[in-house]
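K.L.:
My structure is in query.cif, and what it holds is mmCIF, C-alpha atoms:
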data_target
loop_
_atom_site.label_atom_id
_atom_site.label_comp_id
_atom_site.auth_asym_id
_atom_site.auth_seq_id
_atom_site.Cartn_x
_atom_site.Cartn_y
_atom_site.Cartn_z
CA MET A 1 -23.57 -4.33 -5.10
CA ARG A 2 -25.14 -3.34 -1.82
CA ASP A 3 -27.01 -0.04 -1.52
CA ALA A 4 -24.46 1.15 1.00
CA ASP A 5 -21.64 0.47 -1.43
CA ARG A 6 -23.44 2.44 -4.12
CA GLU A 7 -23.91 5.33 -1.70
CA ASP A 8 -20.22 5.21 -0.86
CA LEU A 9 -19.41 5.42 -4.55
CA ASP A 10 -21.53 8.55 -4.83
CA PHE A 11 -19.91 10.12 -1.78
CA HIS A 12 -16.51 9.28 -3.18
CA ARG A 13 -17.35 10.83 -6.52
CA ARG A 14 -18.50 14.01 -4.82
CA LEU A 15 -15.48 14.03 -2.57
CA SER A 16 -13.28 13.81 -5.65
CA SER A 17 -14.82 17.10 -6.74
CA GLY A 18 -13.92 18.71 -3.43
CA ASP A 19 -17.27 18.23 -1.67
CA ARG A 20 -16.54 18.49 2.05
CA GLY A 21 -20.01 17.30 2.93
CA ALA A 22 -19.33 14.02 1.16
CA PHE A 23 -16.05 13.74 3.02
CA ASP A 24 -17.81 14.27 6.33
CA GLU A 25 -20.34 11.60 5.46
CA LEU A 26 -17.60 9.08 4.73
CA TYR A 27 -15.95 10.09 7.98
CA ARG A 28 -19.21 9.52 9.84
CA ARG A 29 -19.55 6.11 8.24
CA TYR A 30 -16.03 4.82 8.65
CA ALA A 31 -14.22 6.74 11.36
CA GLY A 32 -15.43 4.32 14.02
CA ALA A 33 -14.37 1.24 12.13
CA ALA A 34 -11.07 2.86 11.18
CA TYR A 35 -10.31 3.99 14.72
CA GLY A 36 -11.25 0.61 16.16
CA LEU A 37 -8.96 -1.13 13.69
CA ALA A 38 -6.07 1.27 14.21
CA TYR A 39 -6.44 1.02 17.96
CA ARG A 40 -6.44 -2.76 17.90
CA ILE A 41 -3.25 -2.80 15.83
CA THR A 42 -1.33 -0.02 17.55
CA GLY A 43 -2.64 -0.53 21.07
CA GLN A 44 -2.45 3.20 21.74
CA GLN A 45 -5.06 5.89 21.31
CA ILE A 46 -2.62 8.56 20.24
CA LEU A 47 -1.17 6.34 17.54
CA ALA A 48 -4.63 5.26 16.44
CA GLN A 49 -5.65 8.89 16.08
CA ASP A 50 -2.62 9.59 13.92
CA VAL A 51 -3.40 6.63 11.72
CA VAL A 52 -7.02 7.65 11.21
CA HIS A 53 -6.06 11.27 10.67
CA ASP A 54 -3.47 10.33 8.05
CA ALA A 55 -5.82 7.94 6.27
CA PHE A 56 -8.59 10.50 5.95
CA MET A 57 -6.14 13.18 4.86
CA ALA A 58 -4.79 10.82 2.22
CA LEU A 59 -8.33 10.22 1.03
CA TRP A 60 -8.99 13.95 0.81
CA ARG A 61 -5.75 14.75 -0.96
CA ALA A 62 -5.73 11.81 -3.33
CA PRO A 63 -9.25 10.42 -3.80
CA GLU A 64 -8.11 8.99 -7.14
CA ALA A 65 -6.24 6.33 -5.20
CA TYR A 66 -9.52 4.46 -4.94
CA ASP A 67 -10.46 2.57 -8.07
CA PRO A 68 -14.12 1.47 -7.92
CA ALA A 69 -13.33 -1.38 -10.29
CA ARG A 70 -11.29 -3.06 -7.59
CA GLY A 71 -14.04 -3.40 -4.99
CA PRO A 72 -16.13 -1.50 -2.47
CA PHE A 73 -14.85 1.77 -1.06
CA ARG A 74 -15.09 0.32 2.44
CA THR A 75 -12.53 -2.40 1.84
CA PHE A 76 -10.20 0.04 0.10
CA PHE A 77 -10.33 2.54 2.92
CA LEU A 78 -9.97 0.05 5.75
CA ALA A 79 -7.08 -1.58 3.89
CA LEU A 80 -5.47 1.85 3.76
CA VAL A 81 -5.96 2.25 7.51
CA HIS A 82 -4.54 -1.23 8.10
CA HIS A 83 -1.51 -0.50 5.95
CA ARG A 84 -0.77 2.72 7.80
CA ALA A 85 -1.26 1.16 11.20
CA VAL A 86 1.03 -1.77 10.45
CA ASP A 87 3.58 0.55 8.93
CA LEU A 88 3.47 2.71 12.03
CA VAL A 89 3.94 -0.08 14.53
CA ARG A 90 6.79 -1.56 12.49
CA ARG A 91 8.55 1.76 12.52
CA GLU A 92 8.09 2.03 16.23
CA SER A 93 11.42 1.44 17.84
CA ARG A 94 9.78 0.23 20.98
CA LEU A 95 8.31 -2.90 19.51
CA ARG A 96 8.65 -4.85 22.69
CA ALA A 97 6.88 -2.16 24.65
CA ARG A 98 4.15 -2.11 22.03
CA SER A 99 3.69 -5.85 22.25
CA GLU A 100 3.28 -5.54 25.96
CA ARG A 101 0.75 -2.80 25.47
CA ALA A 102 -1.12 -4.81 22.89
CA ALA A 103 -1.42 -7.67 25.34
CA ASN A 104 -3.09 -5.28 27.72
CA LEU A 105 -4.66 -2.55 25.62
CA GLU A 106 -4.62 0.92 27.01
CA PRO A 107 -8.15 1.49 28.26
CA LEU A 108 -10.17 3.78 26.09
CA VAL A 109 -11.21 6.96 27.83
CA GLY A 110 -13.72 9.53 26.75
CA GLU A 111 -15.17 7.81 23.70
CA ASP A 112 -18.87 7.47 23.20
CA HIS A 113 -19.34 3.73 23.00
CA ALA A 114 -23.08 4.04 22.54
CA GLU A 115 -22.49 5.91 19.30
CA ALA A 116 -20.00 3.30 18.19
CA ILE A 117 -22.56 0.60 18.70
CA ALA A 118 -25.09 2.51 16.61
CA GLU A 119 -23.00 2.24 13.47
CA GLU A 120 -24.57 1.79 10.07
CA SER A 121 -26.72 -1.29 10.17
CA TYR A 122 -25.21 -2.79 7.03
CA LEU A 123 -21.76 -2.48 8.55
CA GLY A 124 -22.98 -4.23 11.66
CA VAL A 125 -24.38 -7.07 9.60
CA ARG A 126 -21.12 -7.51 7.73
CA ARG A 127 -19.17 -7.28 10.95
CA LYS A 128 -21.18 -10.17 12.35
CA GLU A 129 -20.48 -12.21 9.22
CA VAL A 130 -16.76 -11.55 9.56
CA HIS A 131 -16.82 -12.53 13.24
CA GLU A 132 -18.55 -15.77 12.36
CA ALA A 133 -16.22 -16.55 9.50
CA LEU A 134 -13.20 -16.05 11.74
CA ALA A 135 -14.78 -18.10 14.50
CA GLY A 136 -15.20 -20.92 12.02
CA LEU A 137 -11.48 -21.23 11.42
CA PRO A 138 -9.41 -23.87 13.17
CA PRO A 139 -7.71 -22.17 16.16
CA GLU A 140 -4.19 -22.61 14.79
CA GLN A 141 -5.15 -20.95 11.51
CA ARG A 142 -6.97 -18.11 13.19
CA GLN A 143 -3.99 -17.54 15.44
CA VAL A 144 -1.49 -16.95 12.64
CA LEU A 145 -3.99 -14.81 10.76
CA GLU A 146 -4.61 -12.55 13.72
CA MET A 147 -0.94 -12.30 14.58
CA ALA A 148 -0.26 -11.12 11.04
CA TYR A 149 -3.23 -8.86 10.45
CA PHE A 150 -3.87 -7.37 13.86
CA GLY A 151 -0.46 -7.95 15.38
CA GLY A 152 1.42 -6.49 12.45
CA LYS A 153 3.90 -9.38 12.63
CA THR A 154 5.74 -10.86 9.72
CA GLN A 155 5.46 -14.56 9.00
CA VAL A 156 9.05 -14.99 10.12
CA GLU A 157 8.27 -13.34 13.45
CA ILE A 158 5.18 -15.50 13.86
CA ALA A 159 7.17 -18.65 13.22
CA GLU A 160 9.75 -17.63 15.79
CA GLU A 161 7.18 -16.64 18.35
CA LEU A 162 5.17 -19.85 18.00
CA GLY A 163 8.21 -22.07 17.56
CA ILE A 164 6.92 -23.58 14.33
CA PRO A 165 8.47 -23.76 10.86
CA LEU A 166 7.96 -20.80 8.54
CA GLY A 167 6.41 -23.15 6.02
CA THR A 168 3.74 -24.07 8.54
CA VAL A 169 2.89 -20.42 9.06
CA LYS A 170 2.54 -19.98 5.32
CA THR A 171 0.38 -23.07 4.97
CA ARG A 172 -1.92 -22.08 7.81
CA THR A 173 -2.23 -18.52 6.51
CA PHE A 174 -3.09 -19.72 3.03
CA ALA A 175 -5.65 -22.19 4.32
CA ALA A 176 -7.22 -19.55 6.55
CA MET A 177 -7.49 -17.04 3.72
CA ARG A 178 -9.09 -19.57 1.41
CA LYS A 179 -11.65 -20.55 4.03
CA LEU A 180 -12.44 -16.93 4.81
CA ARG A 181 -12.82 -16.21 1.14
CA ALA A 182 -15.34 -19.00 0.76
CA ALA A 183 -17.25 -18.02 3.88
CA LEU A 184 -17.40 -14.31 3.10
CA GLU A 185 -18.31 -14.78 -0.54
CA GLU A 186 -21.14 -17.00 0.55
CA THR A 187 -22.57 -14.37 2.87
CA GLY A 188 -21.51 -11.25 0.95
CA MET B 189 12.25 -19.24 -7.37
CA ILE B 190 8.53 -19.97 -7.27
CA ASP B 191 6.81 -20.90 -10.50
CA GLY B 192 3.70 -22.84 -9.45
CA HIS B 193 0.24 -21.40 -8.89
CA GLY B 194 -0.13 -22.98 -5.46
CA GLU B 195 3.10 -21.59 -4.10
CA THR B 196 2.41 -18.24 -5.70
CA GLN B 197 -0.99 -18.00 -4.12
CA GLU B 198 0.39 -19.06 -0.76
CA LEU B 199 2.75 -16.12 -1.01
CA LEU B 200 -0.08 -13.82 -2.11
CA ALA B 201 -2.00 -14.69 1.06
CA GLY B 202 0.91 -13.39 3.12
CA TYR B 203 1.33 -10.42 0.81
CA VAL B 204 -2.18 -9.07 1.27
CA LEU B 205 -1.77 -9.40 5.03
CA GLU B 206 1.46 -7.39 4.75
CA SER B 207 3.25 -10.13 6.63
CA LEU B 208 6.04 -10.95 4.18
CA SER B 209 9.62 -9.97 4.75
CA GLY B 210 13.05 -10.56 3.29
CA GLU B 211 13.26 -13.01 0.41
CA ASP B 212 9.54 -13.73 0.49
CA ALA B 213 8.71 -10.04 0.05
CA ALA B 214 11.15 -9.77 -2.84
CA GLU B 215 9.74 -12.91 -4.43
CA ALA B 216 6.21 -11.55 -4.07
CA ASP B 217 7.26 -8.35 -5.82
CA ARG B 218 8.72 -10.42 -8.62
CA LEU B 219 5.63 -12.57 -8.97
CA LEU B 220 3.35 -9.56 -8.89
CA THR B 221 5.14 -8.03 -11.82
CA GLU B 222 6.17 -11.07 -13.82
CA HIS B 223 3.59 -13.78 -13.20
CA VAL B 224 0.34 -12.52 -11.71
CA PRO B 225 -0.53 -9.97 -14.41
CA GLY B 226 -0.59 -12.69 -17.04
CA CYS B 227 -2.18 -15.43 -14.93
CA SER B 228 -5.93 -15.11 -14.57
CA GLU B 229 -6.06 -17.77 -11.85
CA CYS B 230 -3.56 -16.00 -9.62
CA ARG B 231 -4.98 -12.58 -10.42
CA LEU B 232 -8.43 -13.69 -9.34
CA MET B 233 -7.01 -15.17 -6.18
CA LEU B 234 -5.14 -11.94 -5.43
CA ASP B 235 -8.32 -9.88 -5.87
CA ALA B 236 -10.22 -12.30 -3.65
CA PHE B 237 -7.55 -12.22 -0.94
CA GLN B 238 -7.45 -8.43 -1.03
CA ALA B 239 -11.20 -8.36 -0.55
CA VAL B 240 -10.86 -10.71 2.42
CA ALA B 241 -8.13 -8.54 3.92
CA GLY B 242 -10.38 -5.52 3.60
CA GLU B 243 -13.23 -7.32 5.34
CA LEU B 244 -11.00 -8.55 8.16
CA ALA B 245 -10.84 -4.98 9.42
CA LEU B 246 -14.40 -5.37 10.60
CA ASP B 247 -13.34 -7.91 13.21
CA ALA B 248 -12.01 -4.98 15.24
CA GLU B 249 -14.78 -3.47 17.30
CA PRO B 250 -15.70 0.06 16.18
CA VAL B 251 -14.75 2.88 18.49
CA THR B 252 -15.76 6.47 18.05
CA PRO B 253 -12.64 8.61 17.67
CA PRO B 254 -12.07 11.48 20.08
CA ASP B 255 -14.10 14.59 19.25
CA PRO B 256 -11.14 16.81 18.29
CA LEU B 257 -10.06 14.50 15.46
CA LEU B 258 -12.52 15.67 12.80
CA PRO B 259 -11.93 19.39 13.47
CA ARG B 260 -8.19 18.68 13.26
CA ILE B 261 -8.70 17.10 9.87
CA HIS B 262 -10.95 19.95 8.75
CA ARG B 263 -8.25 22.47 9.59
CA GLU B 264 -5.85 20.69 7.30
CA MET B 265 -8.31 20.35 4.43
CA ASP B 266 -7.32 23.65 2.92
CA PRO B 267 -8.51 23.46 -0.68
CA ARG B 268 -5.66 25.72 -1.70
CA GLY B 269 -3.24 23.17 -0.32
CA ARG B 270 -4.95 20.46 -2.28
CA SER B 271 -5.05 22.18 -5.63
CA GLY B 272 -1.74 23.92 -5.15
CA MET B 273 0.30 20.78 -4.54
CA ARG B 274 3.26 20.57 -6.82
CA TRP B 275 2.83 16.85 -6.86
CA THR B 276 -0.48 15.39 -8.04
CA PRO B 277 -0.98 11.87 -6.68
CA GLY B 278 -3.86 11.26 -9.04
CA ARG B 279 -1.50 11.37 -11.95
CA LEU B 280 0.66 8.86 -10.18
CA VAL B 281 -2.25 6.49 -9.78
CA ALA B 282 -3.13 6.85 -13.41
CA ALA B 283 0.41 6.01 -14.31
CA ALA B 284 0.59 3.20 -11.83
CA ALA B 285 -2.32 1.52 -13.51
CA SER B 286 -0.01 0.70 -16.33
CA VAL B 287 3.45 0.22 -14.91
CA VAL B 288 5.66 -0.13 -11.93
CA LEU B 289 9.21 -1.29 -12.08
CA VAL B 290 11.02 -2.21 -8.92
CA ILE B 291 14.71 -1.68 -8.75
CA GLY B 292 16.98 -2.43 -5.82
CA VAL B 293 20.39 -1.05 -5.07
CA GLY B 294 23.83 -2.04 -6.16
CA GLY B 295 23.12 -2.62 -9.80
CA MET B 296 20.46 -5.25 -9.38
CA ALA B 297 18.83 -6.38 -12.55
CA LEU B 298 15.91 -4.60 -14.07
CA THR B 299 12.59 -6.22 -13.34
CA GLN B 300 10.93 -6.62 -16.67
CA LEU B 301 7.23 -7.03 -17.09
CA GLU B 302 6.31 -9.69 -19.57
CA ASP B 303 3.10 -8.11 -20.68
CA ARG B 304 3.08 -4.43 -20.04
CA LYS B 305 -0.37 -3.82 -21.38
CA THR B 306 -2.03 -6.01 -18.79
CA ALA B 307 0.36 -5.45 -15.92
CA GLN B 308 -1.26 -4.84 -12.59
CA VAL B 309 0.54 -2.74 -10.07
CA PRO B 310 0.84 -4.13 -6.57
CA ALA B 311 -1.49 -2.04 -4.47
CA ALA B 312 1.18 -1.65 -1.83
CA ASP B 313 3.54 0.01 -4.32
CA VAL B 314 0.92 2.54 -5.34
CA GLN B 315 0.06 3.16 -1.75
CA ASN B 316 3.70 3.59 -0.78
CA ALA B 317 4.26 6.01 -3.63
CA LEU B 318 1.24 8.04 -2.65
CA GLU B 319 2.31 8.13 0.95
CA LEU B 320 5.78 9.24 0.04
CA ALA B 321 4.42 12.00 -2.19
CA MET B 322 2.25 13.29 0.62
CA LYS B 323 4.79 13.24 3.41
CA PRO B 324 5.73 16.60 4.90
CA GLY B 325 8.58 18.09 2.94
CA ALA B 326 8.19 15.71 -0.01
CA VAL B 327 9.76 17.19 -3.12
CA GLN B 328 9.52 16.61 -6.83
CA GLN B 329 12.76 17.09 -8.71
CA PRO B 330 12.52 17.22 -12.52
CA LEU B 331 14.78 14.75 -14.28
CA GLY B 332 13.89 15.87 -17.78
CA GLY B 333 12.01 13.85 -20.34
CA ASN B 334 8.73 14.44 -18.48
CA ALA B 335 10.08 12.40 -15.55
CA SER B 336 10.58 13.45 -11.96
CA GLU B 337 12.17 12.13 -8.83
CA ILE B 338 9.97 12.09 -5.73
CA SER B 339 11.58 11.89 -2.32
CA ALA B 340 10.85 12.89 1.24
CA PRO B 341 13.12 13.74 4.14
CA GLY B 342 14.10 10.76 6.25
CA VAL B 343 12.64 8.17 3.88
CA GLN B 344 15.10 5.63 2.53
CA GLU B 345 13.47 5.13 -0.83
CA LEU B 346 12.33 7.31 -3.68
CA TYR B 347 10.29 7.07 -6.84
CA VAL B 348 10.87 8.04 -10.42
CA TYR B 349 7.62 8.94 -12.05
CA GLY B 350 6.85 10.13 -15.53
CA ARG B 351 4.13 10.46 -18.13
CA ALA B 352 4.59 10.76 -21.84
CA VAL B 353 8.21 9.79 -21.36
CA PRO B 354 9.77 9.46 -24.81
CA PHE B 355 10.99 6.06 -25.94
CA PRO B 356 14.69 5.59 -26.58
CA ALA B 357 15.75 4.30 -29.97
CA PRO B 358 15.45 0.54 -30.52
CA GLY B 359 18.11 -1.40 -28.65
CA LEU B 360 18.61 1.35 -26.10
CA VAL B 361 17.38 1.59 -22.53
CA TYR B 362 17.24 4.27 -19.89
CA ARG B 363 19.79 3.70 -17.17
CA LEU B 364 19.53 5.12 -13.66
CA TRP B 365 22.58 6.25 -11.69
CA ALA B 366 23.04 7.60 -8.18
CA VAL B 367 25.72 10.22 -8.61
CA SER B 368 27.90 11.53 -5.80
CA ALA B 369 31.18 13.45 -5.74
CA LYS B 370 33.23 10.27 -5.67
CA ASP B 371 31.35 7.92 -7.98
CA ALA B 372 28.21 7.00 -9.88
CA LYS B 373 26.36 3.87 -8.82
CA HIS B 374 24.24 2.00 -11.35
CA LEU B 375 20.76 1.41 -9.94
CA GLY B 376 19.00 -0.29 -12.84
CA ASP B 377 17.52 0.12 -16.30
CA PHE B 378 14.00 0.88 -17.43
CA LEU B 379 11.81 1.55 -20.42
CA PRO B 380 8.54 3.47 -20.52
CA TYR B 381 5.39 1.50 -21.15
CA PRO B 382 3.37 1.79 -24.33
CA ASP B 383 1.53 4.86 -23.08
CA GLY B 384 4.79 6.46 -21.98
CA THR B 385 4.27 6.10 -18.25
CA VAL B 386 6.90 5.12 -15.72
CA LEU B 387 6.77 4.43 -12.00
CA VAL B 388 10.01 3.14 -10.54
CA ARG B 389 10.69 2.52 -6.86
CA LEU B 390 14.30 2.88 -5.85
CA ALA B 391 15.26 1.25 -2.57
CA ILE B 392 18.04 3.66 -1.78
CA ASP B 393 18.55 6.37 0.82
CA PRO B 394 18.45 9.72 -1.04
CA SER B 395 20.91 11.17 1.44
CA THR B 396 23.66 8.81 0.23
CA PHE B 397 24.14 10.50 -3.15
CA ASP B 398 23.96 13.94 -4.71
CA HIS B 399 21.51 13.47 -7.54
CA LEU B 400 19.93 10.97 -9.89
CA LEU B 401 21.11 10.78 -13.47
CA VAL B 402 19.27 9.12 -16.33
CA THR B 403 21.37 8.05 -19.28
CA VAL B 404 20.42 6.32 -22.49
CA GLU B 405 22.63 3.40 -23.44
CA PRO B 406 22.65 0.11 -25.37
CA ALA B 407 20.67 -2.49 -23.46
CA SER B 408 23.47 -4.99 -23.83
CA SER B 409 26.24 -2.73 -22.54
CA GLU B 410 27.95 -3.17 -19.18
CA PRO B 411 26.85 -0.44 -16.76
CA LEU B 412 30.34 0.50 -15.67
CA GLU B 413 30.04 4.28 -15.85
CA PRO B 414 27.38 6.73 -17.00
CA GLY B 415 27.03 7.31 -20.72
CA GLU B 416 25.16 10.09 -22.46
CA PRO B 417 22.53 11.90 -20.37
CA ALA B 418 19.12 10.98 -21.66
CA TRP B 419 17.65 14.38 -21.08
CA PRO B 420 20.30 17.09 -21.00
CA GLU B 421 17.68 19.75 -20.35
CA ALA B 422 17.51 18.54 -16.73
CA GLY B 423 20.86 20.19 -16.22
#
I need this file expressed as structure tokens, please.
P.N.:
Amino acid sequence: MRDADREDLDFHRRLSSGDRGAFDELYRRYAGAAYGLAYRITGQQILAQDVVHDAFMALWRAPEAYDPARGPFRTFFLALVHHRAVDLVRRESRLRARSERAANLEPLVGEDHAEAIAEESYLGVRRKEVHEALAGLPPEQRQVLEMAYFGGKTQVEIAEELGIPLGTVKTRTFAAMRKLRAALEETG
Amino acid sequence: MIDGHGETQELLAGYVLESLSGEDAAEADRLLTEHVPGCSECRLMLDAFQAVAGELALDAEPVTPPDPLLPRIHREMDPRGRSGMRWTPGRLVAAAASVVLVIGVGGMALTQLEDRKTAQVPAADVQNALELAMKPGAVQQPLGGNASEISAPGVQELYVYGRAVPFPAPGLVYRLWAVSAKDAKHLGDFLPYPDGTVLVRLAIDPSTFDHLLVTVEPASSEPLEPGEPAWPEAG
């Protein structure tokens, strides 16, 4: 386990006892990653804010939802953010409008990008490893993976959009996940 | 129906990306309750895929949220609100570690877990239950027998949750009904797990019936109309 993961565990334990300082520390560590993820999925700052707000509130209200036995806090929390973001965009009645926005993301205004860049060094290292693992995928596998994960699309929607059989989408997704698993386990 | 490891794991890859729909989503739910808990190979693959899905988030570039967001969160972190919640999600998670049954509408069959002691709950079900419990206006309605119904305004599903739920006599099961003025619709059957916990997701709009009723009836009987209430104290 990395030192950062151990620290997260400690913060989570303190948060579970109602320690607001521990909550703020987890916010400092992961708000940037969470907001970046939510923004990429929703394509709108206001929606991304709601997603991050709801995720942190859920963490505060129900810290027991995280089970340390199932992996690092980071992956749990970002999975929670992903789930909420995807859920939000699917409930959006203006899916077409959202897709158009996603193709041309609303420009971010007012955020301190310098601070975002200065994120925790360990997170930056892992981010680089993820970038490289994704870059190592065949383009057709990466495409379906990104459409699902960041586009919030179902496999059926992906098949329709790309004009390929649903089985092909499943096969490519499975292959991509297996390759990513191997690559990330090697570096993690 | 999928019964091979390869096909199962292919479905699990889509499941962790939350990209399944329709029959595939239903099949994944079935596999996650009936096959994966007892299959070490598929369980390991599921854990690995979930870890990958968590890491994928890092491909999105970090962006500092707007300054007002943290103060907004702080304002809502009233400790009284946290401790005073009628519903305690932590208890739900504890229960979910041992059981979740998924029941559809229209009298669909009960989803039985083959090995309840080692059953793993799909993370999405736990997450959905937690989210429902924390929605504005979410309510907990006692059903008796240490079980409650959790619903929220505008959400077309609800959960039945319980701890230390008593076991019916051998050969009997609990039967869930959606009761309205004109009829009672059978939703499915369930049994508590060895530690008495229950977490049941009902895919039904709460606004389409008056109240839930739990009866206790022979497992082999036809669910044509409600039998004896399981827990009369619920009123």
K.L.:
Between CA of Glu198 in chain B and CA of Thr173 in chain A, what is the distance, to one decimal in Å?
P.N.:
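Interatomic distance, CA of Glu198 in chain B to CA of Thr173 in chain A: 7.7 Å.
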K.L.:
Distance CA of Arg181 in chain A-CA of Glu7 in chain A, one decimal place?
P.N.:
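Atom-to-atom, CA of Arg181 in chain A to CA of Glu7 in chain A, that is 24.4 Å.
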K.L.:
Mind checking which residues fall within 9 Å of Lys128 in chain A, counting all atoms listed in the file, ignoring those fewer than 4 positions away in the same chain, and posting them as a PyMOL selection string?
P.N.:
(chain A and resi 123-124+132-133) or (chain B and resi 246-247)
K.L.:
Write out as a VMD selection string every residue belonging to chain B that has an atom at most 8 Å from any atom of chain A, counting only C-alpha atoms.
P.N.:
chain B and resid 197 to 199 201 to 202 205 to 209 235 to 237 239 to 254 257 261 264 to 265 267 270 276 to 278 281 315 318 to 319 322
K.L.:
Quick one: residues within 7 Å of (12.8, 3.0, -1.1) (file frame), counting only C-alpha atoms, please, as number ranges by chain.
P.N.:
B: 344-346, 389-393
K.L.:
Neighbouring residues of Arg6 in chain A were defined as those with any atom within 12 Å, considering all atoms listed in the file; residues of the same chain fewer than 2 positions away were excluded. Please report them as a PyMOL selection string.
P.N.:
chain A and resi 1-4+8-13+68+71-74
K.L.:
Between CA of Ala340 in chain B and CA of Phe355 in chain B, measure the distance and give it in Å to one decimal.
P.N.:
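According to the coordinates, CA of Ala340 in chain B and CA of Phe355 in chain B are separated by 28.0 Å.
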